[in-house]
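Since the structure comes first, as structure tokens, the remarks are kept for the end.
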Amino acid sequence: MTSVARAGHLAPFFKASCSITNNGLKPVVAIAAPAEKLVVQPLPKTSTVQSLHGALPVQSLKVRHGNFAPTQVRFAHTDIAYPDFSAYRRKESQDPKVKADDSVDRRQAFTYLIAGAGSVASAYAAKSVVTQFVSSMAAAADVLALAKIEIKLGDIPEGKSVTFKWRGKPLFIRHRTANEISTEKAVPVDQLRDPEHDDQRTQDPKWLVVIGVCTHLGCVPVANAGDFGGYYCPCHGSHYDASGRIRKGPAPLNLEVPPHTFVDESLLVVG
Amino acid sequence: MAKNLDKSRLRKFYSPVHITNLSNGLRVVTEESSSPLVCTSLFTKAGSRFENENNNGIAYFVEHLAYQGFTSMSNYALQDAIRNGGSKMSAFTSRDHQVFSAVGLKESIKLNISLLAQIICQIDLSECMIESQKQQLCFEAIENDNNSRLVLFDYLHQTAFQETPLAQTVMGLSRNFCRFDIRDICSYFYHNYRPHRMTLATSGGVSHGAVVEYAENYFNVIKESDTKVINFGPKRYTGSSIVYRNDALPVAHVAIAVEAPGYNSPEYLPLLLASCLNDSWERTQGGGDRHGSFLARAASTSSLCEKFESFYIAYHDVGLWGVYFVGTNDLDDMVYNIQKDWMNTCTSVQKTDVDRASQLLKFKLAKNVEGVVKSSYDIGLQMMYTSSRRNLCQIYQDLSSITVERLRDVAFKYLYDKCPVVAAVGPTETLPDYNGIRSGMYWLRL
């Protein structure tokens, strides 16, 4: 239980004083009466700062000035009653006869239950807030909608390369002939600038799927042109073969193969 | 071999005490030694704990009346008798016991016992004597208010044992002591100064037989009481804090404590040992990083405080165990270090530290029974709390049987994740708030 009594506001009444007074509730003179019959007025209920202040002697006692008379009155520290915190106590610790040890399990079980449940709830709330902010950095829905395209392969005749637009870039789909396939598969890998075998670049050897951006400076190559019958970049003269691999010219790398899957014989999904 | 020899010497030196119960129930305990002095102390289970809000302070008031004369002997005659006998009288009141003590040459033992008996039986309660002591108490109240340490420990009890009799101060309320009269005092005498609540503890060059004879002579006028039950009242502890911030004071006095078992608990000695781990320190000692105690090292190398001391205030059935320190503007660092040390004690105290604390405790315990005055006080206290006396040799044996694990377990039981009480007086701006201090009472680590 936390009970804090800040007595800072009493400080001006405590310092530099010279006389102890009784607290004004009983006269200073001794009264001859048996102890049993003494009726002592209880102190005002001292629970709040305001009511504590009300118990100070300043209201009823006047400050006297004189050469030898005290100029301040105050309580001795023993006279200031400790505030009554029973209104704030848990039921288990209300009875002063019960040791704190005996009720600690029940009190702490309650506190820890609230703390535990509270932390689970706040962890959950924190998780959704974080998720919301982090997901705001992800791609927008309209972008995601354009992220994939479906291509009907039946429309592409054999030996042709068709250009599509995918994620803002040109996409070449090439329906290779048996001749082209066998030529590309036979190219020795160790003679290539960017050594990749044709099998690594195609899922179905009949279909080549590449992004139509020259790896040199980003021009769009021309299909069915160049020394190797694949693609030719007119900007600086890079020659790609029918597997999209760089064979001649300044470009350093093969044309990029995007992720793609064949849903069935006639339908290709890129993205 | 040498160790055994030491022990047998100790046994010889600390002879067992003789205990006799008089016919009216008063207990007479004597430790015979070859000293030329004798100290006789009359212990009574009286004090602010056994009072209520209407008579709080009466034990302290009676203490003031004690050596002011008896019905059979005027104040002057009493002073003469004491002076001529070469004796010294003293009195002391705490929350749960009151001691009237007389030390003198062994020839004056008879006089001293008769004087102690007269305090109980024939005290002078004339109106003029009572009024003059009221005046005296008013001056003392002013004096006590300027004693920050005393104010602090009063506050500590007020907050730790709020709404129980242990919260009451020894001094009592001024509205009470300004009002006491002969009837209040007589009624108090009648209820509290009963033979079953009293122990006469003597140490020095006198035989037990002689003491019993004198005690029988002088104390037999006190009649046995019908009921022998002593009601200690409620003793509920409340973890809480009281801060009296007064920036006009030069230094802040702070005490942090936890609830501890009382004097006659088997865990008293391990906790006493634990308080020796921290030990005490003050700025005048210097020492830098060469102190044994972690807290003293921290305090002296980083100048965290002016001084600190560990305390264990043990009553009959409950106590307060903690650290008191005086500082200016690093109170938060000091509190952090205290709690760090406590948690260390709870979880990972080392054998070297326990051995060091054990030596220190042996030294302190030996100092506690050195000389007839301290010895008689120790006898009385032990008899009053535990109804038996363990001499130094036996306590040393108990101490050596405390293992590191035992110390750690006891510290864990009373310190770890417990609500402390905090009391502070002075410029306390840098003192952490209660929740901060409470959360320092456990470690979340693997």
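In the structure tokens, chains take letters A, B, ... by order of appearance, with residues numbered from 1 within each chain and ligands from 1 in the order shown.
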
TODO: Do a neighbour search on A:Pro157 at 9 Å with only C-alpha atoms, toss out local chain neighbours closer than 4 positions, and write the hits as a ChimeraX atom specification.
DONE: /A:153,161,174-175

Using N, CA and C atoms, can you write the selected residues to a file as a short mmCIF file (atom, residue, chain, number, x, y, z; two decimals), in the first residue's frame?
```cif
data_model
loop_
_atom_site.label_atom_id
_atom_site.label_comp_id
_atom_site.auth_asym_id
_atom_site.auth_seq_id
_atom_site.Cartn_x
_atom_site.Cartn_y
_atom_site.Cartn_z
N LEU A 153 -0.88 -17.43 -73.68
CA LEU A 153 0.24 -17.81 -74.54
C LEU A 153 -0.22 -18.20 -75.95
N SER A 161 8.45 -12.50 -80.69
CA SER A 161 8.62 -11.93 -79.35
C SER A 161 7.61 -10.81 -79.18
N ARG A 174 8.86 -14.53 -75.45
CA ARG A 174 9.32 -15.03 -76.76
C ARG A 174 8.94 -16.50 -76.90
N HIS A 175 8.22 -16.78 -77.93
CA HIS A 175 7.87 -18.18 -78.25
C HIS A 175 8.96 -18.73 -79.14
#
```

Task: Residue contacts of stretch 256-268 of chain A (10 Å, only C-alpha atoms) excluding same-chain residues fewer than 3 positions away, as an NGL selection string - done: :A and (148-155 or 166 or 171-173 or 200-204 or 207-215 or 243-245 or 253 or 271)

Task: strand (DSSP E) residues, from DSSP on the backbone, in stretch 130-249 of chain A, as number ranges by chain - done: A: 149-152, 161-166, 169-175, 207-211, 222-223, 229-233, 238-241, 246-248

Selected residues, C-alpha atoms, written as a CSV table (one decimal), in the first residue's frame, please.
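Result written to part.csv:
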```csv
chain,number,residue,atom,x,y,z
A,149,ILE,CA,-0.1,-9.8,-65.2
A,150,GLU,CA,-1.7,-12.8,-66.9
A,151,ILE,CA,-0.6,-13.6,-70.4
A,152,LYS,CA,-2.5,-15.9,-72.8
A,161,SER,CA,8.6,-11.9,-79.4
A,162,VAL,CA,5.7,-9.9,-77.9
A,163,THR,CA,6.2,-6.9,-75.6
A,164,PHE,CA,3.9,-6.3,-72.6
A,165,LYS,CA,4.0,-3.6,-69.9
A,166,TRP,CA,4.7,-4.9,-66.4
A,169,LYS,CA,8.7,-1.8,-67.6
A,170,PRO,CA,8.6,-3.6,-71.0
A,171,LEU,CA,8.3,-7.4,-70.7
A,172,PHE,CA,9.4,-9.6,-73.6
A,173,ILE,CA,7.7,-13.0,-74.0
A,174,ARG,CA,9.3,-15.0,-76.8
A,175,HIS,CA,7.9,-18.2,-78.2
A,207,TRP,CA,9.0,-19.7,-73.6
A,208,LEU,CA,11.6,-17.0,-72.7
A,209,VAL,CA,10.3,-14.4,-70.2
A,210,VAL,CA,12.7,-11.4,-69.8
A,211,ILE,CA,12.5,-7.7,-68.8
A,222,VAL,CA,14.8,-4.5,-80.4
A,223,ALA,CA,13.5,-8.1,-80.8
A,229,GLY,CA,19.1,-13.6,-83.5
A,230,GLY,CA,17.8,-12.6,-80.1
A,231,TYR,CA,17.7,-8.9,-79.1
A,232,TYR,CA,19.8,-5.9,-80.1
A,233,CYS,CA,20.1,-2.7,-78.2
A,238,SER,CA,24.6,-4.7,-77.2
A,239,HIS,CA,23.8,-8.1,-78.7
A,240,TYR,CA,21.6,-10.6,-76.8
A,241,ASP,CA,20.9,-14.1,-77.9
A,246,ILE,CA,24.6,-10.8,-73.4
A,247,ARG,CA,27.0,-12.0,-76.2
A,248,LYS,CA,28.5,-8.8,-77.6
```

TODO: Within 10 Å of B:Ile119, counting only C-alpha atoms, which residues show up once you throw out same-chain ones fewer than 3 positions away? Write them as JSON, numbers by chain, please.
DONE: {"B": [62, 63, 65, 66, 67, 68, 69, 70, 71, 100, 114, 115, 116, 122, 123, 124]}

Task: Exercise: stretch 258-265 of chain B partners within 10 Å, only C-alpha atoms, chain neighbours under 4 positions left out, as number ranges by chain - done: A: 100-101; B: 160-161, 236-239, 269, 271, 312-323, 381-382, 384-387, 411, 413-416, 418-422

Given the selection you just returned, output its residues as a file containing C-alpha atoms, formatted as a PDB file, in the first residue's frame.
```pdb
ATOM      1  CA  ALA A 100       0.535  -7.743   6.726  1.00  0.00           C
ATOM      2  CA  ASP A 101       2.202 -11.063   5.882  1.00  0.00           C
TER       3      ASP A 101
ATOM      4  CA  ALA B 160       5.228   1.614   9.384  1.00  0.00           C
ATOM      5  CA  PHE B 161       2.811   0.740  12.172  1.00  0.00           C
ATOM      6  CA  ARG B 236       0.192  -4.562  11.538  1.00  0.00           C
ATOM      7  CA  TYR B 237       2.928  -3.302   9.263  1.00  0.00           C
ATOM      8  CA  THR B 238       2.120  -1.045   6.325  1.00  0.00           C
ATOM      9  CA  GLY B 239       4.644  -0.416   3.570  1.00  0.00           C
ATOM     10  CA  LEU B 269      20.467 -13.569  14.278  1.00  0.00           C
ATOM     11  CA  LEU B 271      19.077 -10.694   9.936  1.00  0.00           C
ATOM     12  CA  TYR B 312      17.660  -3.509  13.225  1.00  0.00           C
ATOM     13  CA  ILE B 313      15.112  -2.357  15.762  1.00  0.00           C
ATOM     14  CA  ALA B 314      13.676  -5.568  17.198  1.00  0.00           C
ATOM     15  CA  TYR B 315      10.716  -5.580  19.542  1.00  0.00           C
ATOM     16  CA  HIS B 316       9.103  -8.552  21.164  1.00  0.00           C
ATOM     17  CA  ASP B 317       7.305  -9.831  18.076  1.00  0.00           C
ATOM     18  CA  VAL B 318       8.087  -7.455  15.242  1.00  0.00           C
ATOM     19  CA  GLY B 319      10.911  -5.242  14.116  1.00  0.00           C
ATOM     20  CA  LEU B 320      12.240  -2.857  11.523  1.00  0.00           C
ATOM     21  CA  TRP B 321      15.370  -3.669   9.538  1.00  0.00           C
ATOM     22  CA  GLY B 322      16.971  -1.130   7.264  1.00  0.00           C
ATOM     23  CA  VAL B 323      19.411   1.644   6.587  1.00  0.00           C
ATOM     24  CA  LEU B 381      16.714  -7.522  27.532  1.00  0.00           C
ATOM     25  CA  GLN B 382      17.162 -11.198  26.756  1.00  0.00           C
ATOM     26  CA  MET B 384      12.413  -9.947  28.983  1.00  0.00           C
ATOM     27  CA  TYR B 385      12.115 -10.969  25.343  1.00  0.00           C
ATOM     28  CA  THR B 386      13.020 -14.649  25.405  1.00  0.00           C
ATOM     29  CA  SER B 387      12.787 -15.686  29.094  1.00  0.00           C
ATOM     30  CA  ALA B 411      17.254 -12.017   3.411  1.00  0.00           C
ATOM     31  CA  LYS B 413      12.210 -13.857   2.700  1.00  0.00           C
ATOM     32  CA  TYR B 414      12.205 -10.449   4.366  1.00  0.00           C
ATOM     33  CA  LEU B 415      13.613  -8.172   1.656  1.00  0.00           C
ATOM     34  CA  TYR B 416      12.840  -9.411  -1.813  1.00  0.00           C
ATOM     35  CA  LYS B 418       8.576  -6.466  -0.039  1.00  0.00           C
ATOM     36  CA  CYS B 419       7.042  -3.044   0.499  1.00  0.00           C
ATOM     37  CA  PRO B 420       9.539  -0.882   2.366  1.00  0.00           C
ATOM     38  CA  VAL B 421       8.758   1.991   4.706  1.00  0.00           C
ATOM     39  CA  VAL B 422      10.452   5.252   3.917  1.00  0.00           C
TER      40      VAL B 422
END
```

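Among A:Lys206, A:His197, A:Lys91, A:His216, the residue with the shortest atom-to-atom distance to A:Lys160, counting only C-alpha atoms, is A:Lys206.
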
Task: Residue nearest chain A - candidates B:Ile120, B:Leu392, B:Cys178, B:Met343, atoms counted: only C-alpha atoms - done: B:Cys178

Task: Residues of chain B within 6 Å of chain A, only C-alpha atoms counted, as a PyMOL selection string - done: chain B and resi 173-175+179+183-184+234+236-237+239-246

Written file, previous selection with N, CA and C atoms, as an mmCIF file, in the first residue's frame:
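Final output, part-v3.cif:
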```
data_model
loop_
_atom_site.group_PDB
_atom_site.id
_atom_site.type_symbol
_atom_site.label_atom_id
_atom_site.label_comp_id
_atom_site.auth_asym_id
_atom_site.auth_seq_id
_atom_site.Cartn_x
_atom_site.Cartn_y
_atom_site.Cartn_z
ATOM 1 N N LEU B 173 1.857 12.578 23.502
ATOM 2 C CA LEU B 173 1.239 13.810 23.020
ATOM 3 C C LEU B 173 1.328 14.879 24.101
ATOM 4 N N SER B 174 1.515 16.116 23.676
ATOM 5 C CA SER B 174 1.642 17.174 24.683
ATOM 6 C C SER B 174 0.319 17.386 25.414
ATOM 7 N N ARG B 175 -0.790 17.162 24.724
ATOM 8 C CA ARG B 175 -2.077 17.325 25.421
ATOM 9 C C ARG B 175 -2.219 16.285 26.520
ATOM 10 N N ARG B 179 -1.637 17.035 31.116
ATOM 11 C CA ARG B 179 -2.877 16.790 31.824
ATOM 12 C C ARG B 179 -2.747 15.720 32.900
ATOM 13 N N ARG B 183 -3.974 10.603 39.755
ATOM 14 C CA ARG B 183 -4.844 9.447 39.515
ATOM 15 C C ARG B 183 -4.440 8.679 38.254
ATOM 16 N N ASP B 184 -4.124 9.447 37.212
ATOM 17 C CA ASP B 184 -3.658 8.785 35.975
ATOM 18 C C ASP B 184 -2.439 7.930 36.272
ATOM 19 N N PRO B 234 -2.218 -4.833 18.494
ATOM 20 C CA PRO B 234 -1.982 -5.118 17.077
ATOM 21 C C PRO B 234 -0.610 -4.635 16.635
ATOM 22 N N ARG B 236 0.233 -4.532 12.997
ATOM 23 C CA ARG B 236 0.192 -4.562 11.538
ATOM 24 C C ARG B 236 1.220 -3.597 10.938
ATOM 25 N N TYR B 237 1.933 -4.116 9.966
ATOM 26 C CA TYR B 237 2.928 -3.302 9.263
ATOM 27 C C TYR B 237 2.332 -2.821 7.954
ATOM 28 N N GLY B 239 3.594 -0.996 4.408
ATOM 29 C CA GLY B 239 4.644 -0.416 3.570
ATOM 30 C C GLY B 239 4.169 0.936 3.070
ATOM 31 N N SER B 240 4.867 2.005 3.424
ATOM 32 C CA SER B 240 4.366 3.343 3.134
ATOM 33 C C SER B 240 5.512 4.324 3.301
ATOM 34 N N SER B 241 5.242 5.575 3.055
ATOM 35 C CA SER B 241 6.319 6.547 3.238
ATOM 36 C C SER B 241 5.784 7.839 3.812
ATOM 37 N N ILE B 242 6.634 8.519 4.562
ATOM 38 C CA ILE B 242 6.293 9.839 5.071
ATOM 39 C C ILE B 242 7.499 10.725 4.828
ATOM 40 N N VAL B 243 7.256 11.828 4.166
ATOM 41 C CA VAL B 243 8.350 12.735 3.813
ATOM 42 C C VAL B 243 8.010 14.118 4.339
ATOM 43 N N TYR B 244 8.837 14.622 5.218
ATOM 44 C CA TYR B 244 8.667 15.981 5.706
ATOM 45 C C TYR B 244 9.742 16.818 5.042
ATOM 46 N N ARG B 245 9.349 17.433 3.925
ATOM 47 C CA ARG B 245 10.339 18.212 3.195
ATOM 48 C C ARG B 245 10.472 19.579 3.836
ATOM 49 N N ASN B 246 11.668 19.899 4.269
ATOM 50 C CA ASN B 246 11.942 21.198 4.860
ATOM 51 C C ASN B 246 13.296 21.656 4.349
#
```

So which residues of stretch 136-177 of chain A fall under helix (DSSP H, G or I) by DSSP, listed as a PDB file with N, CA and C atoms, in the first residue's frame?
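And here's result-v2.pdb as it stands now:
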```
ATOM      1  N   ALA A 141      -2.510  -0.275 -52.577  1.00  0.00           N
ATOM      2  CA  ALA A 141      -3.347  -1.325 -53.166  1.00  0.00           C
ATOM      3  C   ALA A 141      -3.359  -1.252 -54.694  1.00  0.00           C
ATOM      4  N   ASP A 142      -3.370  -0.002 -55.259  1.00  0.00           N
ATOM      5  CA  ASP A 142      -3.413   0.101 -56.725  1.00  0.00           C
ATOM      6  C   ASP A 142      -2.109  -0.389 -57.356  1.00  0.00           C
ATOM      7  N   VAL A 143      -1.021  -0.192 -56.599  1.00  0.00           N
ATOM      8  CA  VAL A 143       0.257  -0.692 -57.098  1.00  0.00           C
ATOM      9  C   VAL A 143       0.276  -2.209 -57.070  1.00  0.00           C
ATOM     10  N   LEU A 144      -0.236  -2.727 -55.927  1.00  0.00           N
ATOM     11  CA  LEU A 144      -0.255  -4.183 -55.802  1.00  0.00           C
ATOM     12  C   LEU A 144      -1.126  -4.825 -56.883  1.00  0.00           C
ATOM     13  N   ALA A 145      -2.222  -4.115 -57.253  1.00  0.00           N
ATOM     14  CA  ALA A 145      -3.135  -4.657 -58.261  1.00  0.00           C
ATOM     15  C   ALA A 145      -2.448  -4.787 -59.618  1.00  0.00           C
ATOM     16  N   LEU A 153      -0.885 -17.431 -73.683  1.00  0.00           N
ATOM     17  CA  LEU A 153       0.236 -17.813 -74.541  1.00  0.00           C
ATOM     18  C   LEU A 153      -0.224 -18.204 -75.952  1.00  0.00           C
ATOM     19  N   GLY A 154      -1.506 -18.575 -76.063  1.00  0.00           N
ATOM     20  CA  GLY A 154      -2.013 -18.997 -77.355  1.00  0.00           C
ATOM     21  C   GLY A 154      -1.969 -17.897 -78.420  1.00  0.00           C
ATOM     22  N   ASP A 155      -1.955 -16.609 -77.932  1.00  0.00           N
ATOM     23  CA  ASP A 155      -1.951 -15.499 -78.881  1.00  0.00           C
ATOM     24  C   ASP A 155      -0.579 -15.251 -79.501  1.00  0.00           C
TER      25      ASP A 155
END
```

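Taking atom CA of B:Gln98 and atom CA of B:Thr44 as the two end points, the separation is 5.2 Å.
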
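Across the structure, atom CA of B:Asp247 and atom CA of B:Phe308 are spaced 20.3 Å apart.
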
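Among the candidates B:Thr20, B:Ser74, B:Ser400, B:Asn52, the residue lying nearest to B:Asp355 is B:Ser400 (atoms considered: only C-alpha atoms).
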
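With only C-alpha atoms as the atoms that count, the minimum distance from B:Gln394 to the choices B:Ala102, B:Ile182, B:Ala366, B:Val151 is reached by B:Ala366.
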
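The two atoms in question, atom CA of B:Phe189 and atom CA of B:Met383, are spaced 21.6 Å apart.
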
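For B:Pro432, the residues within 9 Å (counting only C-alpha atoms, excluding itself and residues fewer than 5 positions away along the chain) are B:Leu331, B:Asp332, B:Val335, B:Ile437.
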
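Near B:Gln359, within 10 Å and counting only C-alpha atoms, sit B:Leu273, B:Cys276, B:Val354, B:Asp355, B:Arg356, B:Lys362, B:Phe363, B:Lys364, B:Leu365, B:Tyr396, B:Leu399, B:Ser400; same-chain residues fewer than 3 positions away were not included.
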
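Each of B:Asp433, B:Gly380, B:Phe294, B:Arg95 was checked against B:Phe232 using only C-alpha atoms; the smallest atom-to-atom distance is that of B:Arg95.
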
Open item on the list: Residues within 12 Å of B:Asn220, please, as a ChimeraX atom specification. Count only C-alpha atoms; anything in the same chain fewer than 6 positions from it doesn't count.
Closed with: /B:21-27,114,117-118,120-121,194-195,212-214

Mind dumping the selected residues with N, CA and C atoms as a CSV table (one decimal), in the first residue's frame?
```csv
chain,number,residue,atom,x,y,z
B,21,ASN,N,12.6,-17.0,40.6
B,21,ASN,CA,11.3,-16.3,40.6
B,21,ASN,C,10.9,-16.1,42.0
B,22,LEU,N,10.7,-14.8,42.4
B,22,LEU,CA,10.2,-14.5,43.8
B,22,LEU,C,8.8,-15.0,43.9
B,23,SER,N,8.3,-15.0,45.2
B,23,SER,CA,7.0,-15.5,45.4
B,23,SER,C,5.9,-14.7,44.7
B,24,ASN,N,6.1,-13.4,44.5
B,24,ASN,CA,5.1,-12.6,43.8
B,24,ASN,C,5.2,-12.7,42.3
B,25,GLY,N,6.2,-13.4,41.7
B,25,GLY,CA,6.3,-13.5,40.3
B,25,GLY,C,7.5,-12.7,39.7
B,26,LEU,N,8.1,-11.8,40.5
B,26,LEU,CA,9.2,-11.0,39.9
B,26,LEU,C,10.4,-11.9,39.7
B,27,ARG,N,11.0,-11.7,38.5
B,27,ARG,CA,12.1,-12.6,38.2
B,27,ARG,C,13.5,-11.9,38.5
B,114,SER,N,17.0,-1.2,47.1
B,114,SER,CA,16.0,-0.6,47.8
B,114,SER,C,15.5,0.7,47.0
B,117,ALA,N,13.3,-0.4,44.2
B,117,ALA,CA,12.0,-0.9,44.7
B,117,ALA,C,11.1,0.3,45.0
B,118,GLN,N,11.7,1.3,45.6
B,118,GLN,CA,10.9,2.5,46.0
B,118,GLN,C,10.4,3.3,44.8
B,120,ILE,N,9.0,1.9,42.3
B,120,ILE,CA,7.8,1.3,42.0
B,120,ILE,C,6.8,1.5,43.1
B,121,CYS,N,7.2,1.5,44.4
B,121,CYS,CA,6.3,1.4,45.5
B,121,CYS,C,6.0,2.7,46.1
B,194,ARG,N,3.6,-4.5,37.4
B,194,ARG,CA,3.2,-5.7,38.1
B,194,ARG,C,4.4,-6.7,38.1
B,195,PRO,N,4.5,-7.6,39.1
B,195,PRO,CA,5.7,-8.4,39.1
B,195,PRO,C,5.9,-9.3,37.9
B,212,VAL,N,18.8,-12.0,45.7
B,212,VAL,CA,17.5,-12.5,45.9
B,212,VAL,C,16.9,-12.1,47.3
B,213,GLU,N,17.8,-12.1,48.2
B,213,GLU,CA,17.4,-11.8,49.6
B,213,GLU,C,16.9,-10.3,49.6
B,214,TYR,N,17.8,-9.4,49.1
B,214,TYR,CA,17.4,-8.0,49.1
B,214,TYR,C,16.1,-7.8,48.3
```
